[in-house]
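S.K.: The structure follows.
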Amino acid sequence: STGGRLVRFDASRKSVTRVTRVGLDIGQLTSTPGTVYALAHTAKGVDIVAVDAKSGAVRWQQHVGSAKSMALGPGVLWVTKTAPGAHGNLRALDQTNGTVRTTVALPHLSDGTVATARHVWVGGGTTLQRVNLGAQPTVSQLALGYDFIPLAADATSVWGARLSASQYADQTHLVRLAADDGHPLVDMPYPANSFAMVSDNQAWVTGQYGSIATLDTATAQMIHTGHARTLMSNGPSEIHSQSPNIAWALNTFTGQLVRITPRT
């Protein structure tokens with residue numbers, strides 16, 4: 001994305017093949033094989049816009065007010081937003097037409113959202129909010145004692161960034177927390193800002209200052225590491241990948257789409 005334009009990039013031709021304007025600015029993107037979902041800032045607030053991945057046509061657009069983040073779940077798009085007071089709000093939008101299926105009140109403001117078939121994880125400062133899905137969703141609060149932003153989740157755990165009180169990136173840790181009670185399974189120094197699972201035991205990770213790595217999630221060992229810095233020490237973030245061999249990320253400082261491959 002660039003500005004409020006959603007850009008379709010053909011990797012084989014190395015060219016832009018479609019541009020769709022969805023708002024003034026795009027805060028987040030996620031996708032299924034056939035649809036791209038954009039959290040778009042507009043003159044009236046925030047809209048969720050569903051765009052056909054092939055044609056670039058807008059399938060539906062839903063105004064959500066003050067939405068902060070979103071995550072894909074089975075058949076729905078989970079969207080967090082600010083509610084009156086120091087609280088949050090989680091909505092499930094139908095992926096096919098954007099109608100609201102479910103609304104869940106959150107006890108804390110939200111910062112980061114990831115989802116599985118059983119849970120939606122929402123950051124809440126020093127409290128991790130676990131939404132237990134079912135006919136009547138419930139919310140469990142896991143007190144961590146540190147600020148945490150969830151980046152990815154599986155059936156038994158959630159990966160995220162443990163932020164330092166000093167706010168220095170080199171003191172941020174990449175951690176893996178148990179889904180049942182939030183106790184740490186992995187805690188390693190790494191200034192993580194995005195995380196993409198590509199198999200049961202491998203993930204791509206990016207961090208501040210241009211850090212890039214592939215991670216063995218079973219052993220918590222880095223397989224490959226590298227850097228892609230600009231003069232301002234910015235680098236790729238918002239990494240996406242379906243393969244251990246190729247990842248795509250966005251350099252938000254330069255506005256470039258970055259293709260990353262491990263060095264052999």
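Residue numbers start at 1 in each chain; chains themselves are named A, B, ... in the order of the structure tokens; ligands are numbered from 1 in the order shown.
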Apply DSSP to the structure's backbone, then extract all residues of range 14-173 of chain A labelled strand (DSSP E) and return them as a ChimeraX atom specification.
M.R.: /A:15-21,25-31,35-42,45-52,58-65,67-73,76-83,87-94,100-106,113-115,119-124,127-132,138-143,148-153,157-162,173
S.K.: Which residues come within 7 Å of range 31-37 of chain A, counting only C-alpha atoms, excluding same-chain residues fewer than 2 positions away, as a PyMOL selection string?
M.R.: chain A and resi 29+39+48-53
S.K.: Print the selection's residues with N, CA, C and O atoms to a file, as a PDB file, in the first residue's frame.
M.R.:
ATOM      1  N   LEU A  29      -2.910  -4.296   6.506  1.00  0.00           N
ATOM      2  CA  LEU A  29      -3.440  -5.168   5.473  1.00  0.00           C
ATOM      3  C   LEU A  29      -3.400  -6.613   5.955  1.00  0.00           C
ATOM      4  O   LEU A  29      -2.501  -7.009   6.699  1.00  0.00           O
ATOM      5  N   LEU A  39      -7.407  -1.914   6.484  1.00  0.00           N
ATOM      6  CA  LEU A  39      -7.878  -1.019   7.538  1.00  0.00           C
ATOM      7  C   LEU A  39      -7.512   0.377   7.064  1.00  0.00           C
ATOM      8  O   LEU A  39      -6.361   0.793   7.129  1.00  0.00           O
ATOM      9  N   ILE A  48     -13.130  -0.659   7.118  1.00  0.00           N
ATOM     10  CA  ILE A  48     -12.552  -1.905   6.658  1.00  0.00           C
ATOM     11  C   ILE A  48     -13.018  -2.095   5.226  1.00  0.00           C
ATOM     12  O   ILE A  48     -14.225  -2.076   4.943  1.00  0.00           O
ATOM     13  N   VAL A  49     -12.073  -2.269   4.305  1.00  0.00           N
ATOM     14  CA  VAL A  49     -12.387  -2.380   2.890  1.00  0.00           C
ATOM     15  C   VAL A  49     -11.922  -3.741   2.379  1.00  0.00           C
ATOM     16  O   VAL A  49     -10.751  -4.093   2.550  1.00  0.00           O
ATOM     17  N   ALA A  50     -12.839  -4.495   1.781  1.00  0.00           N
ATOM     18  CA  ALA A  50     -12.510  -5.791   1.191  1.00  0.00           C
ATOM     19  C   ALA A  50     -12.371  -5.625  -0.319  1.00  0.00           C
ATOM     20  O   ALA A  50     -13.298  -5.155  -0.981  1.00  0.00           O
ATOM     21  N   VAL A  51     -11.205  -6.019  -0.854  1.00  0.00           N
ATOM     22  CA  VAL A  51     -10.900  -5.813  -2.267  1.00  0.00           C
ATOM     23  C   VAL A  51     -10.617  -7.157  -2.924  1.00  0.00           C
ATOM     24  O   VAL A  51      -9.861  -7.977  -2.390  1.00  0.00           O
ATOM     25  N   ASP A  52     -11.210  -7.390  -4.093  1.00  0.00           N
ATOM     26  CA  ASP A  52     -10.949  -8.602  -4.858  1.00  0.00           C
ATOM     27  C   ASP A  52      -9.479  -8.628  -5.267  1.00  0.00           C
ATOM     28  O   ASP A  52      -8.988  -7.691  -5.896  1.00  0.00           O
ATOM     29  N   ALA A  53      -8.776  -9.693  -4.905  1.00  0.00           N
ATOM     30  CA  ALA A  53      -7.328  -9.742  -5.129  1.00  0.00           C
ATOM     31  C   ALA A  53      -6.960  -9.763  -6.605  1.00  0.00           C
ATOM     32  O   ALA A  53      -5.871  -9.310  -6.980  1.00  0.00           O
TER      33      ALA A  53
END
S.K.: One decimal, Å: what's the distance from CA of Val131 in chain A over to CA of Phe195 in chain A, could you say?
M.R.: 20.7 Å
S.K.: Identify which of the residues A:Thr206, A:Ala192, A:Leu142, A:Arg176 lies closest to Leu163 in chain A, counting only C-alpha atoms when measuring atom-to-atom distances.
M.R.: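 Closest to Leu163 in chain A, using only C-alpha atoms: A:Ala192.
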S.K.: What's around Pro191 in chain A at 9 Å? Count only C-alpha atoms, leave out sequence neighbours fewer than 5 positions away in its own chain, and write the answer as number ranges by chain.
M.R.: A: 161-163, 168-174, 206-209, 211
S.K.: Restricting it to all heavy atoms, dump the selection as a tab-separated table (two decimals), in the first residue's frame.
M.R.:
chain	number	residue	atom	x	y	z
A	161	ALA	N	5.99	-9.33	21.06
A	161	ALA	CA	7.11	-8.49	21.49
A	161	ALA	C	6.89	-8.05	22.94
A	161	ALA	O	5.86	-7.48	23.27
A	161	ALA	CB	7.22	-7.26	20.59
A	162	ARG	N	7.86	-8.38	23.78
A	162	ARG	CA	7.87	-7.90	25.16
A	162	ARG	C	8.64	-6.59	25.17
A	162	ARG	O	9.85	-6.55	24.96
A	162	ARG	CB	8.55	-8.90	26.09
A	162	ARG	CG	8.39	-8.56	27.57
A	162	ARG	CD	9.29	-9.42	28.44
A	162	ARG	NE	10.63	-8.82	28.52
A	162	ARG	CZ	11.66	-9.41	29.14
A	162	ARG	NH1	11.54	-10.61	29.66
A	162	ARG	NH2	12.83	-8.80	29.19
A	163	LEU	N	7.92	-5.50	25.39
A	163	LEU	CA	8.52	-4.18	25.29
A	163	LEU	C	9.21	-3.80	26.58
A	163	LEU	O	8.74	-4.10	27.67
A	163	LEU	CB	7.45	-3.13	24.95
A	163	LEU	CG	6.62	-3.41	23.70
A	163	LEU	CD1	5.62	-2.28	23.49
A	163	LEU	CD2	7.50	-3.59	22.49
A	168	TYR	N	13.56	1.39	24.46
A	168	TYR	CA	14.65	1.21	23.51
A	168	TYR	C	14.47	-0.11	22.79
A	168	TYR	O	14.26	-1.16	23.41
A	168	TYR	CB	16.00	1.26	24.21
A	168	TYR	CG	16.40	2.65	24.63
A	168	TYR	CD1	16.37	3.03	25.97
A	168	TYR	CD2	16.78	3.60	23.69
A	168	TYR	CE1	16.72	4.31	26.37
A	168	TYR	CE2	17.14	4.89	24.08
A	168	TYR	CZ	17.10	5.23	25.41
A	168	TYR	OH	17.44	6.50	25.79
A	169	ALA	N	14.58	-0.10	21.46
A	169	ALA	CA	14.31	-1.31	20.68
A	169	ALA	C	15.28	-2.43	21.02
A	169	ALA	O	14.90	-3.60	20.99
A	169	ALA	CB	14.39	-0.99	19.18
A	170	ASP	N	16.54	-2.09	21.35
A	170	ASP	CA	17.50	-3.16	21.60
A	170	ASP	C	17.25	-3.87	22.94
A	170	ASP	O	17.93	-4.83	23.27
A	170	ASP	CB	18.94	-2.62	21.55
A	170	ASP	CG	19.19	-1.48	22.52
A	170	ASP	OD1	18.27	-1.13	23.29
A	170	ASP	OD2	20.30	-0.94	22.51
A	171	GLN	N	16.25	-3.40	23.71
A	171	GLN	CA	15.89	-4.09	24.94
A	171	GLN	C	14.55	-4.83	24.81
A	171	GLN	O	14.04	-5.38	25.77
A	171	GLN	CB	15.83	-3.09	26.09
A	171	GLN	CG	17.20	-2.47	26.41
A	171	GLN	CD	17.14	-1.51	27.59
A	171	GLN	OE1	16.29	-1.64	28.47
A	171	GLN	NE2	18.02	-0.53	27.60
A	172	THR	N	14.00	-4.82	23.60
A	172	THR	CA	12.78	-5.58	23.33
A	172	THR	C	13.11	-7.05	23.18
A	172	THR	O	14.16	-7.41	22.64
A	172	THR	CB	12.11	-5.06	22.05
A	172	THR	OG1	11.72	-3.70	22.26
A	172	THR	CG2	10.88	-5.88	21.70
A	173	HIS	N	12.22	-7.93	23.65
A	173	HIS	CA	12.42	-9.37	23.54
A	173	HIS	C	11.31	-9.98	22.69
A	173	HIS	O	10.16	-9.54	22.73
A	173	HIS	CB	12.41	-10.02	24.92
A	173	HIS	CG	13.68	-9.84	25.68
A	173	HIS	ND1	14.20	-10.79	26.54
A	173	HIS	CD2	14.57	-8.81	25.71
A	173	HIS	CE1	15.32	-10.36	27.08
A	173	HIS	NE2	15.56	-9.15	26.59
A	174	LEU	N	11.66	-11.01	21.93
A	174	LEU	CA	10.68	-11.85	21.26
A	174	LEU	C	10.34	-12.98	22.22
A	174	LEU	O	11.22	-13.70	22.68
A	174	LEU	CB	11.27	-12.42	19.96
A	174	LEU	CG	10.39	-13.42	19.21
A	174	LEU	CD1	9.12	-12.76	18.71
A	174	LEU	CD2	11.16	-14.03	18.04
A	206	THR	N	10.87	-9.93	11.53
A	206	THR	CA	11.60	-8.68	11.32
A	206	THR	C	11.66	-7.92	12.63
A	206	THR	O	10.85	-8.11	13.53
A	206	THR	CB	10.94	-7.78	10.26
A	206	THR	OG1	9.65	-7.37	10.72
A	206	THR	CG2	10.80	-8.50	8.94
A	207	GLY	N	12.67	-7.04	12.72
A	207	GLY	CA	12.83	-6.24	13.92
A	207	GLY	C	13.27	-4.83	13.57
A	207	GLY	O	13.62	-4.54	12.42
A	208	GLN	N	13.23	-3.96	14.54
A	208	GLN	CA	13.67	-2.59	14.32
A	208	GLN	C	15.15	-2.58	13.94
A	208	GLN	O	15.87	-3.53	14.15
A	208	GLN	CB	13.41	-1.76	15.58
A	208	GLN	CG	11.93	-1.65	15.90
A	208	GLN	CD	11.66	-0.70	17.04
A	208	GLN	OE1	12.17	0.41	17.07
A	208	GLN	NE2	10.84	-1.13	17.98
A	209	TYR	N	15.57	-1.45	13.34
A	209	TYR	CA	16.93	-1.28	12.82
A	209	TYR	C	17.21	-2.19	11.63
A	209	TYR	O	18.35	-2.50	11.33
A	209	TYR	CB	17.99	-1.50	13.91
A	209	TYR	CG	17.76	-0.70	15.16
A	209	TYR	CD1	17.80	-1.30	16.41
A	209	TYR	CD2	17.51	0.67	15.10
A	209	TYR	CE1	17.59	-0.57	17.57
A	209	TYR	CE2	17.30	1.41	16.25
A	209	TYR	CZ	17.34	0.79	17.48
A	209	TYR	OH	17.13	1.52	18.63
A	211	SER	N	16.47	-5.44	11.12
A	211	SER	CA	16.79	-6.85	11.38
A	211	SER	C	15.82	-7.77	10.68
A	211	SER	O	14.60	-7.53	10.67
A	211	SER	CB	16.75	-7.13	12.89
A	211	SER	OG	17.65	-6.32	13.59
